[in-house]
Every structure is written in C-alpha cells, then in structure tokens.
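Student: The following block contains the structure, expressed as structure tokens.
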Amino acid sequence: MEDDEMLIRGINRTDVFDPTLGGVNTFGYFQCILIRTISSNGLFKKNVTLFDIPLLAFAIQIIFMVSITHALVAILKPLGQPRIVGEIMGGFILGPSGIGGIHLIPEMATVGNLLFQGRYFITLDSFANFGILYFFFLVGLGTDATAIKRAGRTACLIACVSFVVPFITATAMSSYYFSDKNFTDACHILLAVISSISTVPVLSRILAHTKLLHTEVGRFATSTATFSDTFSWALFVFFCSVSNKRIQHPQPIGNLPPSPAWVILLVILMASIFTTFCLLVVRPAISWLARQTMDGEAPSTAHQSIVLGGVLIAGLVSDAIGVHPVFGAFIYGLAISNSPLTSAIIDNIDSFVYTWMIPIFFGAIGLKCDIYTLFEGLGDDSNELNKILTIYITSSVTKLVATTVVGLTYTMSVPESLCHGLLANSKGLLEMLILYIGMDRALITTEVLTMMVLITLAITTIVSPMVSMLQMPWKQRHVVYKRRNLQKSRPGTELRMLACIHTVRNVPSMIGLLAASNPTKRSPIFVYALHLMELTGRATNMFIVHNMNSKGGQNQRRMRGQTQSETIISAFESYEQHAGGISVQPIIAMSPYATMHEDICAIAGDKHVSLIVLPFHKEQSLSGGLEGTNTSIRSLNEQVLVYAPCSVGILIDRGLGGAAKFAMGGHHVARHVAVIFIGGVDDREALAYAWRMAEHPGISLTVLRLIPGEVENSKVMSKFEKHDTCEREARIINMEADKEHQLDEDFVNEFRLRNISDETVVYIEKVAHNSEDTVAAIRSIDSIHDLFIVGRGQGRVTPLTEALEETSESPELGPIGDFLVSSDLGRVVSVLVLHYSVEGPLTTPTLPPASVAPVSENPGHQNTCYSDQICPSGKQNGDWDVRV
C-alpha cells in the first residue's frame, strides 16, 4: 500500500462490469479506493506530483470540463443547437471517447488518464450528483403547475399518445428480443422510459432558437410537453422503484409476503405521500416565510439559506424512500410558490448551477462512455447492441408517426404535425439521468450507455434544423406583415401596439400614451403589454401569456405574491376595465438582454403589430433632468430599431405618466401635442400617429413643418451617398429625393384637408436655412405643449439638422429628438421618437393630389393665415400659421 491507497484489481471493463464491487470504472480499469480520497500528505514527500493532491486534481478537472463545455456551447449556438448538445459533446471529449482514448497520440491519452484518474472520480461523481440536485430544484421552481390544467384536450391527447405508443412499442420489442436472456424487468422499463419521455427545458430551448416559442406551434408544443412531464416524472418514480436493489431480495412488510410487487407499491405510495406533504405543508410554510420580508426589501440571506437547505432534506427523504434524490428536489421546487424570495434564490444560484454544475455532470457521463468499445460490439451481428439500437430507433419513429397522425386528425397542417412529432422526440437531462442511474445500478453496460447517449445526441441535433425547415412557409408568411406601419393604420381600423415595460415606473407613461392615442369602439387599440425581465444563467427564453379574463386569474396572482409583474398586470387590467375601445394582453418575456431584441421582434411579427413602443434608457430625476438606469436598455433599443418588423417608438417620459391615474379612472386628460415635420418616412409616421391622437376630444395638436429655404438644399442624401458620386448616381439620388418629397407633400396635404374644420389642429410652416433656424423654430412654439412627436430621421443628412446631428448624445433618438430631451431646449417635455424600420423598398402609396386649404397673410400674428383668407403668392421667406 502506498499513500493509503491500494489497487485491488484491474479488469478489462468489456469483460466484466459490476459497480457493486465498490470500484470506479474509468479508462478500462476498476480501482477500489479504500481510504482518503480528499486529503493528502502535502508536497513535502519524495517523488510527489501535483496530481497527488486530490483537491488540486479536482480543481483542474472542473476547469477543463467547464471550459470545454462552454466553448462547444458557444460554437454550436449560431447553428441553432440547444445547450445540451454542446454539454454532451463536452463530456465525450473529456472521456475515453476523446482525449483519453486517442491511442494514436500517446501524449494525449497520457494527459487524459492523468487528468481523470479513477482514484479521484468519486469526488467528481459526488459533486456532479450534487449539481443535478439543485438543477432539478430550479426546474421545479420554474415550472407552472397550473399549466397542466390550462392544457387543452388536444394537447392532453397528443401527450398521452406520444407517451403511451413508444412505451408499448419499446416494451414489446424488448420482451421479444430478450425473452431468452437474463434481462430483468428494470432493463425492459429503462428502454421504454428513455423512448417515451420528453421534457420541457430542451424543447423550450429548441423553440427559442427556431423563433417559434411565441407562435401557436410553440405554445401548443409547450402545453403538450408540460402535460407529458407529468407522465415522465411518474414513470421516473416507477423506474426507480423497479430498479431498486431491494426488490431483488425483498423483506417481509408486516404480514405481507416478501414480494417485489409490494416493494414497488410501497415506494410509489411513499413518493405520493411525500408529494402531498410538500404541497400541503411545505408550500404554506415557505409562503409564510416569504411574507416575513418587508415590502421593498430584499429577502434575507437567512430565509434563502433555509429554502436552499430544504433541497438537501427533500433529496435525502426521496433517497430514503427508494427514489433518486432529484425527485425530491424537483417536487420541493414545484411546491414552492412564486415570490420575491424564490426570485432572489434563482438569481443567486441559477448562474452557478448552469455554469459549473451541469458541465461537471455531463463530464461524469462522458467518463463512463467509450465509443471505441461500442464500435467493436456493433461489428458482431449476434451482439445485443444491435437489437437495443433497433428498439430505440423504432420506438422514436413510432412516436413521431403517432404524434403526427393525431395532429392531422385535429385539423393541424402537415408541417405543424411533423413539428410536434419531432419536438416530442427531443431529449434532455432527465433522460441522461435515467441512463446514469441505469449504469450505476448495473442495468446497462458501458457500450449500451455510450450508444444511447449518442442516439440521444443525434436525435436532439437534427430536431432543431428540421423544425426550422418545416416552418419556412410560416416565416415566409411572416414577411408579409413586415410592411405594417402607422401610415396604413388610418382612423376606423384597429391599431395593434406592443408596449415594452422594464419596471413599474414605465407603466404610467405607457398608460398615458395609450389614453392619448384615442382608443374608441370605432377605432380600437389592441395592446400587448410586454414585461421584459432579464434572465441570467439560463439558455431558454420563457414567455408567459396571461389571460386576464380567465376566472380566478386575479386571485391566483394574489396567491403567488404581489411581485413586480403582478403589479404591472394589475395596472393594465384596471386601465382596460375603465377605458373603452382598448384591449390589453399582458405577456412576460424572460431572456438575457443580449437576445431580448429577438423576442420583441418575433412577438411583434407574430402578433402583426404596427408599432413597438420602447422606454428610453434614461428616466427623469427629481431635478427634472435625465439620468441613466441601465446601459443594456440602450443597446436593446438600438437592436430593436435595426431588426424590428414594424415601426418603433422610443418614449421619453417627463411628465406624461403623471395623469395616468385619471386615465385609468376613465377621465379625459387635456394634452397639447406638437409634431416637428421636416420630411421623410419617419416624419410621416410621426404625423400619422399624431393624426390619430387629434381625434381625441382632449387633445390639441400643433404641426410645425420646417421647409428648406433653398431649392438645392431640399434634396436629401443618405450618409453613405453623400460622398463623391458619378453623374448617374447623383441623378438617381435626386429622383429618390423627389419621390420622397412628393410623398411628404401628398401626405401633408391630405392631413390638412381632412382636418380643415377642426379648431384643435394648428398647422404651421416655417422656412429654415440651417440648424440654428430649426432650433429657433422649435423654441417659438408655445410652452403649453407637453408631448412632442418627431421622426427619427436616421440616415438622412439635411442642412436643417446637420449641426444637431454632429452634437447628438443619443443617436437612437435622431437629431430633433435628442435636442428636445437635452437641456438646450429650456423646458421639460415628453418626447415620442418614431422610426419606420420596415425592410425592403417602401410601399407607401402615392396619394392623389389633395386640395390645399387656401391661406392668406395675417400681419397680426406672424403672417398667420386662416382657411377663409387668401395668402399672397411669392412669399418664400415668411412664416405661416395655418389653422386647418
């Protein structure tokens, strides 16, 4: 014996596999560790190496596992592959299938054997099991149990079919192929369980990567998978009870005979009692603990420690019952209601579990797999590996066909039905855990484990691209709705808006804007109130659509605690009840800021909205100025401006939300709105939205149009076209500028004609030669205006805004918007900056020439003209104030 360790025996693992020997199977040998696997005698001894210090070796192992896994996840993410694919591949690379089995490169194999010696595997294996314990606690914590009740009959039927059919198929084929073999019932059930179950996390990741999570296909697939999760966990308990070693030599239970069936029933009964206890006792206790936190205060670390300690207790109880500890952790997390306490727990441990724990678990699986011995076994036709492969593939194909047929029966299209069938075959961590348990309980060999992990990897890899390919027609249909804009949303039609909200402070300004947008029964507004929540550590985006009209919805929300989301939902619900002509559907979107713009744009395209309203990244301080809140919000707004499928508005609230409570009470709020119109598609969008507001009885609208003083300055070039160009290119640019100018004239003329008899609408024209004239014209407007609506004007260079653009601090607002929110204006106003971000050529139709109301000079008010007067011709440098 050396260093208190003894090598008991070395046996080739392809000949004998028996984990009950007390050994650790790595790299072809079994090693039995008698004592001391953590501590060491230090560096002060003869011929000591760094790997003679177990904790140092353990740290190096973790660093290698985490680094390789996250590198593969980052590489595969642009290809649309879910995170689990990179995690499984990382485990294979670290094991004997990778660096430890490269016999052609002896140095590489030596490094692999040195890094992952069997005497250190016990520590690594224990840490991996500890990690998945908290992973499934987080899965249970994020699972909405009420979603099972909300699942429709079709979703329930598809879940049952996609679960029962492959289970029966795999069980029947396994019994037929291995009827004469020493194949236990647990082995048959293991193959059936792996073929049948599907879990929500991986499915949600695939839907998020394919941009289908928010669609009807995604919502239906998620509902089906949520219902299927119930079967999966029930079957997991059954599998753990059947594979329990106690059923091999059962002990008498009271007066009952020592039968394995009684042991299985006892395990299932105890698991049911544990689940009931968590729901009836643990849930109220944790809710009471969460209520001890004062409003506005963060949950204490003591409360969080109590909840996290309960995970270990729940796992211990579950293990004592005879089920794997992860079942107890999952049920414990499922029983805890949503509250600020649980949110704080998720924020604290979520990133750590996903960053460190999960890669170690997959690394531990990879160390037990060996692809070289698998290929040797598949070469033998009489080997049972070929039969197991046939069972697994056949049951998966059967699951695909059965799910597709049921979908077609319920009038789904062929692509949608195939998508449901493919998504039902996606595999996740629960399947890997079952294989892990089967390996530890000697139900499968190393070759079987390797083969089933590879098949799971292959199936999960092909699901994402095939679903994307099947949904290409949907994406093509989605392009049609990329041409929706405010200029086409004329009065008398429904206006669909997507109001984005980060915090409760954004709610009053959004409600104030909606109240001023004139929602009526003749011209209704449908608003999707999207609460954007940053999701850290998770790779899955989650959408929660709240049905505000469902019975008991409000009571259920109160039971979950008045979180920030519930406050936002309640505010919009109250506004919808008191205001007429408006419908609100709240949606909660949780995703990282880096990909949040994808969710916003995807929802906007799916809901066919015409306008996305984003809060500005700065908020008004007590002194009246603007102060930054979150720099990530600015990047988010910039990304949405680039990729949005419809018009985008950035709202800077500086008093607009002050009267929101009056709007929620159904009262009219007097507003003085001003529009600065220079020209271009963005300014036409601003005028179109203000046109709608002008219909409101409490809104008075002033339109200030700035006209270039010289003809040559009226031609507008984009930034990249401003450089030296040939004569032909210059002619094309001028033609485009003439076209834009004509669109501006037609749109303005129609606006004036339609509002000729409205005394609350004032139209002003001022001639400007440069940016100084533009600033003076804006300042000349009466100070009663509390809301300015302007176009962003991005990509246009004109002498009227050139100097303002050079000194702009917020390019996403455009030169005029940036000036209005700066301190140079001299007063505090709210601003809505609109951007027409439709891709492709502009399709705004050229309106027929409209008759312009005649105007005349009125020397009493800076050349003010009214509709019953005649203006003299040739007045180019004067200012006109025309009340249309």
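By convention in this document, the chains of the structure tokens carry letters A, B, ... by their order, each chain's residues are numbered from 1, and ligands are numbered from 1 in the order they are shown.
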At a cut-off of 9 Å, using only C-alpha atoms, what residues contact A:Thr154? Leave out same-chain residues fewer than 6 positions from it and give the result as JSON, numbers by chain.

Tutor: {"A": [224, 406, 407, 410]}

Student: Go through A:Ala737, A:Ala298, A:Val673, A:Ile501 and flag the residue nearest A:Ser830, using only C-alpha atoms for the distances.

Tutor: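 Looking at the shortest contact to A:Ser830, the residue is A:Val673.
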
Student: Stretch 340-514 of chain A: which residues are strand (DSSP E or B) by DSSP, as a list in words?

Tutor: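 Matching residues for strand (DSSP E or B) in stretch 340-514 of chain A are Leu495, Arg496, Met497, Leu498, Ala499, Cys500 and Ile501 of chain A.
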
Student: Suppose we keep all heavy atoms; can you now write the selection as a compact mmCIF listing (two decimals), in the first residue's frame?

Tutor:
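out_9.txt, freshly written:
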# COMPACT_ATOMS: atom_id res chain seq x y z
N LEU A 495 -55.71 49.40 -34.20
CA LEU A 495 -54.27 49.63 -34.08
C LEU A 495 -53.70 48.64 -33.10
O LEU A 495 -54.14 48.55 -31.95
CB LEU A 495 -53.98 51.06 -33.61
CG LEU A 495 -52.52 51.39 -33.29
CD1 LEU A 495 -51.66 51.24 -34.55
CD2 LEU A 495 -52.39 52.78 -32.71
N ARG A 496 -52.72 47.86 -33.55
CA ARG A 496 -52.06 46.88 -32.68
C ARG A 496 -50.72 47.44 -32.24
O ARG A 496 -49.89 47.81 -33.09
CB ARG A 496 -51.87 45.54 -33.40
CG ARG A 496 -53.17 44.76 -33.55
CD ARG A 496 -52.96 43.49 -34.36
NE ARG A 496 -54.15 42.66 -34.31
CZ ARG A 496 -54.27 41.57 -33.56
NH1 ARG A 496 -53.27 41.18 -32.80
NH2 ARG A 496 -55.39 40.87 -33.56
N MET A 497 -50.51 47.47 -30.94
CA MET A 497 -49.29 48.02 -30.37
C MET A 497 -48.64 47.01 -29.45
O MET A 497 -49.32 46.19 -28.82
CB MET A 497 -49.58 49.31 -29.60
CG MET A 497 -50.13 50.45 -30.44
SD MET A 497 -50.58 51.89 -29.43
CE MET A 497 -49.00 52.25 -28.62
N LEU A 498 -47.32 47.08 -29.36
CA LEU A 498 -46.54 46.28 -28.42
C LEU A 498 -45.85 47.25 -27.47
O LEU A 498 -44.89 47.92 -27.86
CB LEU A 498 -45.53 45.40 -29.15
CG LEU A 498 -44.66 44.51 -28.27
CD1 LEU A 498 -45.51 43.48 -27.54
CD2 LEU A 498 -43.59 43.80 -29.11
N ALA A 499 -46.35 47.33 -26.25
CA ALA A 499 -45.79 48.25 -25.25
C ALA A 499 -44.80 47.49 -24.38
O ALA A 499 -45.18 46.57 -23.63
CB ALA A 499 -46.91 48.84 -24.39
N CYS A 500 -43.53 47.84 -24.47
CA CYS A 500 -42.48 47.16 -23.72
C CYS A 500 -42.26 47.87 -22.38
O CYS A 500 -42.17 49.10 -22.33
CB CYS A 500 -41.18 47.13 -24.52
SG CYS A 500 -41.33 46.27 -26.10
N ILE A 501 -42.14 47.08 -21.32
CA ILE A 501 -42.03 47.62 -19.96
C ILE A 501 -40.90 46.91 -19.25
O ILE A 501 -40.81 45.68 -19.27
CB ILE A 501 -43.35 47.42 -19.19
CG1 ILE A 501 -44.49 48.13 -19.93
CG2 ILE A 501 -43.24 47.93 -17.78
CD1 ILE A 501 -45.85 47.64 -19.52

Student: May I ask for the distance between atom CA of A:Ala364 and atom CA of A:Ile63, given in Å to one decimal place?

Tutor: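 About the pair atom CA of A:Ala364 and atom CA of A:Ile63: they are 13.6 Å apart.
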
Student: Env of A:Val405: 12 Å cut, atoms = only C-alpha atoms, seq-sep filter 6 positions within chain, self excluded. Answer as an MDAnalysis selection string.

Tutor: chainID A and resid 157:158 161:162 398:399 411:421

Student: Go ahead and write the residues just picked, C-alpha atoms, as a compact mmCIF listing (two decimals), in the first residue's frame.

Tutor:
# COMPACT_ATOMS: atom_id res chain seq x y z
CA LEU A 157 -54.41 13.59 -26.12
CA ILE A 158 -51.20 14.18 -28.11
CA VAL A 161 -50.29 9.20 -27.48
CA SER A 162 -46.67 10.38 -27.73
CA THR A 398 -43.32 5.27 -33.86
CA LYS A 399 -43.57 8.26 -31.55
CA THR A 411 -57.06 19.59 -38.40
CA MET A 412 -53.42 20.60 -37.98
CA SER A 413 -51.36 21.17 -41.09
CA VAL A 414 -48.76 18.61 -42.12
CA PRO A 415 -45.76 20.84 -41.21
CA GLU A 416 -47.24 21.64 -37.79
CA SER A 417 -47.99 17.97 -37.08
CA LEU A 418 -44.47 16.94 -38.10
CA CYS A 419 -43.05 19.68 -35.89
CA HIS A 420 -44.95 18.32 -32.89
CA GLY A 421 -43.70 14.83 -33.65

Student: Using only C-alpha atoms, pick whichever of A:Met469, A:Ile62, A:Ser426, A:Thr461 has the shortest atom-to-atom distance to A:Leu400.

Tutor: A:Ser426

Student: Would you kindly return, as number ranges by chain, each protein, DNA or RNA residue with an atom no farther than 8 Å from any atom of A:Glu447, considering only C-alpha atoms and excluding same-chain residues fewer than 6 positions away?

Tutor: A: 369-371, 373-374, 377, 385

Student: Using only C-alpha atoms, which residues sit within 7 Å of A:Ser700 once same-chain residues fewer than 4 positions away are excluded, as a PyMOL selection string?

Tutor: chain A and resi 671-673+694+760-761

Student: If we count only C-alpha atoms, what is near A:Val790 at a cut-off of 8 Å, once residues fewer than 6 positions away on the same chain are taken out, given as a list in words?

Tutor: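 Final neighbour list, sorted by chain and number: Val675, Ile676, Phe677, Asp682, Asp683, Ala686, Leu687, Ile816, Gly817, Val831, Leu832, Val833 and Leu834 of chain A.
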
Student: Tell me, in Å to one decimal, how far atom CA of A:Leu457 is from atom CA of A:Ala442.

Tutor: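 Spanning atom CA of A:Leu457 to atom CA of A:Ala442 is a straight-line distance of 22.4 Å.
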
Student: Near stretch 125-138 of chain A, counting only C-alpha atoms, which residues have an atom at most 8 Å away, once you skip same-chain residues fewer than 6 positions from it, shown as a PyMOL selection string?

Tutor: chain A and resi 311+315+325-327+329-334+346+350+353-354+357-358+360-361+364

Student: Considering only C-alpha atoms, state which residue in the set A:Val775, A:Leu367, A:Ala690, A:Val504 is at the smallest distance from A:Asn518.

Tutor: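 Closest candidate: A:Ala690.
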
Student: Using only C-alpha atoms, find the one residue out of A:Gly709, A:Pro54, A:Gly428, A:Gly328 that sits nearest to A:Ala768.

Tutor: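 Comparing A:Gly709, A:Pro54, A:Gly428, A:Gly328 against A:Ala768, the winner is A:Gly709.
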